[in-house]
Amino acid sequence: MKISLNRTVGWVVLVLFAVLFTLPFVWQISTSLKTEDQVGKSEFDLVPKAQTMELDGSRVEVKPVSRSGANQVIEVMEGPKKGAKLTVDSNQLTLRPHLEWSNYSDGFKAFPFFHMLKNTLVICVLVVLGTVLSCSLAAYGLACVQWKGREILFWAMLATMMLPAQVTMIPLFQTFKGLGWINTILPLVVPAFCGNAFFVFMLRQFYRTIPASLMEAARIDGASDVRIWATIVLPLSKAALAVVAVFSFIGAWNDFLGPLLYLMDDEKYTLAIGLARLQGQYSSDWGRMMAMSVVMTLPLVTLFFLAQRTFVEGIKLGGVKG
Amino acid sequence: MKSRTFTGIAFCSPLIFGLVAFTILPVLASLWFSLCNYPILDPPRFVGAANYVELARDDRFWHSVRNTFTYVLLSVPLGMIVGLGLALLLNQKVSGIKVFRTLFFLPTVVPLVANSVLWVRLLNPQQGLVNTFFRAMHMPEAWVPGWLSDEHWALPGLVLMSLWGAGGGAVLYVAALQDVPKELFEAAELDGAGPSQRFRHVTIPMISPVLLFTGVMGLIGGFQEFARAFVMTKGGPWDSTLFYCLHLFNSAFTEFRLGYASAMAWVLFAIILAATAIVMRSSSKHVQYEQ
């Protein structure tokens, strides 16, 4: 009896916390579908609604524009009288559930969304390609090839992991400026082709678990190192490479400081910068801002559900910053 | 053997190039800049330790240090406590645990900027979800926090926001909890240890390496907090969310004082190293690694 009571209490608390942690998402989606006048209400209501009224025998959606005494000036939003402004008694208005999809369509227009999505994806794809390629090559060199100096290189690489990005930020900015790379994606993409200490470390640990006899046998058969890397090591490390790919994609998708420093105009902006700027300009337009934050979140949530196992693997492998 | 050295270097050549070009040389340059007066358009001019001396006298610098320490000292321990609480809830034998685990983890997947946009609204004093909840609980109006528009509540607001991401740590703690051998709990129970004693003397020591790991990572990340303050508050109101790295960024890219900002970057590095060392050393007595 006591055990089952404990269990019930534990389960109830679990559900309560789950609701608490999910509520911001529900509220975000609900706000993204609310009309402007409904967003401003301070009571707790997750169902998006709009004002409607009876007009010529059918119920139409209306938008309150201003007040005049007890009366309300409204704009008709649908039906044959669409666009007409009427003064009506407030009693004539009733709230009905309504999804304001225009927050999404207006948002896409206010903010060249698809253009920025393209910019972001170009950077993400190149960063993923560069990181996977350079890190798996370096990890092979560190784990599968015996050579003098590899320990020194390994420890030098580990030492750089402690270094905050702020230390190298200013000299790198000056260097990229000198190279004429400002307002191009090169400063964001080229370093990805030159390895990443964390991912090299992770892959090296993984490659060391591949039986040396496999590679030795291939070598005796005359296979070159590039061939061994491509035909033995890469196929055996798919799971680890997936972790590198997923987390470098997330890193590039979320990166804020990089694009903030190096991209200068609308033409080049990524979603992260575009949304941050929109936050400054349309700070009062809640519906639209929430719609755009939903749109920016959706791809990563989708990726998470598609690759849940890879996520959990990656987090266990070393707390890649989530 | 000579050819193996060539092969090794060839495979590592992108990494070696990256280490030299994007880390080692910039580090040396940064060290040099930190000893120079370097207004972006003129070449750097050596001034010795002048930047560091000025930092020590700069009230705004100390203010940003205080803000950042306050933020780290609040958000890291609270995040670990909430994460551990969620992990204990998730470690129960009830159905649907995977769904709950996903729900708690999902907030950590939200992109930083989208998260910032969302929390600016959640923390809105009038219409935000957080205060709507407080009002629904009949909290007196004078107590309802002004969050990001109130200099005393802006930093706690960002801490609250960071707690939404506590599920990331929880996933790690759950994995560690499930690795604790059942026999240990049974032995402790046989010896008469109650639930709280088992928690203190078995659970905590057994997962202490993971706790330490998340603590140190949280610390390092916390000191580098930048984007959220940049998007949500610009450091305001009244500099109450002026984090160290935001101050550094402003010094470099709005005031164009590259030497001064470089000195700040080195002080940051020193702070991170010192804080990590202190945590590692003070915890070495308490953290138990399996033999």
# chains A, B, ... in the order shown; residues from 1 in each chain; ligands from 1
call {"tool": "residues_around", "arguments": {"residues": "Ser13 in chain B", "least_positions_apart": "6", "cutoff": "10 Å", "atoms": "only C-alpha atoms", "output": "list of chain:residue names"}}
result
A:Ser134, A:Leu137, A:Ala138, A:Gly141, A:Cys194, A:Gly195, B:Thr7, B:Leu19
call {"tool": "interface_residues", "arguments": {"of": "chain B", "to": "chain A", "cutoff": "7 Å", "atoms": "only C-alpha atoms", "output": "MDAnalysis selection string"}}
result
chainID B and resid 4:5 8 11:12 14:15 17:18 23 26:27 29:30 89 100 103:104 108:114 117:118 126:127 132 164 168 172 227 231 258 262 265:266 269
call {"tool": "select_by_dssp", "arguments": {"residues": "range 33-269 of chain B", "states": "strand (DSSP E or B)", "output": "number ranges by chain"}}
result
B: 36-37, 39, 45-46, 257
call {"tool": "select_by_dssp", "arguments": {"residues": "range 95-135 of chain A", "states": "alpha helix (DSSP H)", "output": "PyMOL selection string"}}
result
chain A and resi 102-110+113-135
call {"tool": "decode", "arguments": {"residues": "range 65-136 of chain A", "atoms": "C-alpha atoms", "output": "compact mmCIF listing (two decimals), in the first residue's frame"}}
result
# COMPACT_ATOMS: atom_id res chain seq x y z
CA VAL A 65 -9.68 48.92 -34.39
CA SER A 66 -10.55 51.51 -31.78
CA ARG A 67 -13.07 52.37 -29.13
CA SER A 68 -15.62 55.16 -29.14
CA GLY A 69 -17.39 55.28 -25.80
CA ALA A 70 -19.32 52.08 -25.18
CA ASN A 71 -19.07 51.31 -28.86
CA GLN A 72 -16.32 49.56 -30.71
CA VAL A 73 -15.01 50.40 -34.15
CA ILE A 74 -14.27 47.18 -35.96
CA GLU A 75 -12.96 46.11 -39.31
CA VAL A 76 -14.65 43.20 -41.07
CA MET A 77 -12.03 40.59 -41.93
CA GLU A 78 -14.01 38.17 -44.13
CA GLY A 79 -17.17 37.80 -46.22
CA PRO A 80 -18.67 40.19 -48.80
CA LYS A 81 -18.13 43.24 -46.57
CA LYS A 82 -14.45 42.50 -46.03
CA GLY A 83 -12.47 45.65 -45.24
CA ALA A 84 -15.51 47.68 -44.16
CA LYS A 85 -15.20 49.61 -40.88
CA LEU A 86 -18.27 49.58 -38.68
CA THR A 87 -19.17 51.02 -35.30
CA VAL A 88 -20.95 48.40 -33.22
CA ASP A 89 -22.04 47.80 -29.66
CA SER A 90 -19.45 45.75 -27.76
CA ASN A 91 -22.23 43.29 -26.84
CA GLN A 92 -22.51 42.23 -30.46
CA LEU A 93 -19.00 40.80 -30.43
CA THR A 94 -18.32 37.24 -29.34
CA LEU A 95 -15.05 35.35 -29.07
CA ARG A 96 -14.74 32.21 -31.15
CA PRO A 97 -11.75 29.89 -31.52
CA HIS A 98 -9.72 31.03 -34.49
CA LEU A 99 -6.24 30.36 -35.83
CA GLU A 100 -4.48 33.46 -37.15
CA TRP A 101 -2.22 31.91 -39.78
CA SER A 102 -1.37 35.34 -41.18
CA ASN A 103 1.24 35.68 -38.41
CA TYR A 104 3.20 33.08 -40.34
CA SER A 105 2.61 34.42 -43.84
CA ASP A 106 3.27 38.04 -42.77
CA GLY A 107 6.36 36.92 -40.91
CA PHE A 108 7.71 35.22 -43.99
CA LYS A 109 7.27 38.50 -45.86
CA ALA A 110 8.59 40.88 -43.17
CA PHE A 111 11.72 38.88 -42.96
CA PRO A 112 13.06 37.29 -46.13
CA PHE A 113 12.67 33.95 -44.45
CA PHE A 114 13.33 31.58 -47.30
CA HIS A 115 16.37 33.55 -48.37
CA MET A 116 17.82 33.41 -44.87
CA LEU A 117 16.93 29.75 -44.61
CA LYS A 118 18.93 29.15 -47.78
CA ASN A 119 21.90 31.12 -46.38
CA THR A 120 21.75 29.17 -43.13
CA LEU A 121 21.49 25.79 -44.86
CA VAL A 122 24.43 26.55 -47.17
CA ILE A 123 26.59 27.33 -44.14
CA CYS A 124 25.29 24.33 -42.18
CA VAL A 125 25.91 21.87 -45.01
CA LEU A 126 29.43 23.14 -45.66
CA VAL A 127 30.27 23.15 -41.93
CA VAL A 128 28.98 19.58 -41.53
CA LEU A 129 30.91 18.38 -44.59
CA GLY A 130 34.10 20.13 -43.53
CA THR A 131 33.90 19.00 -39.93
CA VAL A 132 33.14 15.36 -40.69
CA LEU A 133 35.85 15.18 -43.35
CA SER A 134 38.65 17.00 -41.51
CA CYS A 135 37.93 15.46 -38.12
CA SER A 136 37.75 11.89 -39.37
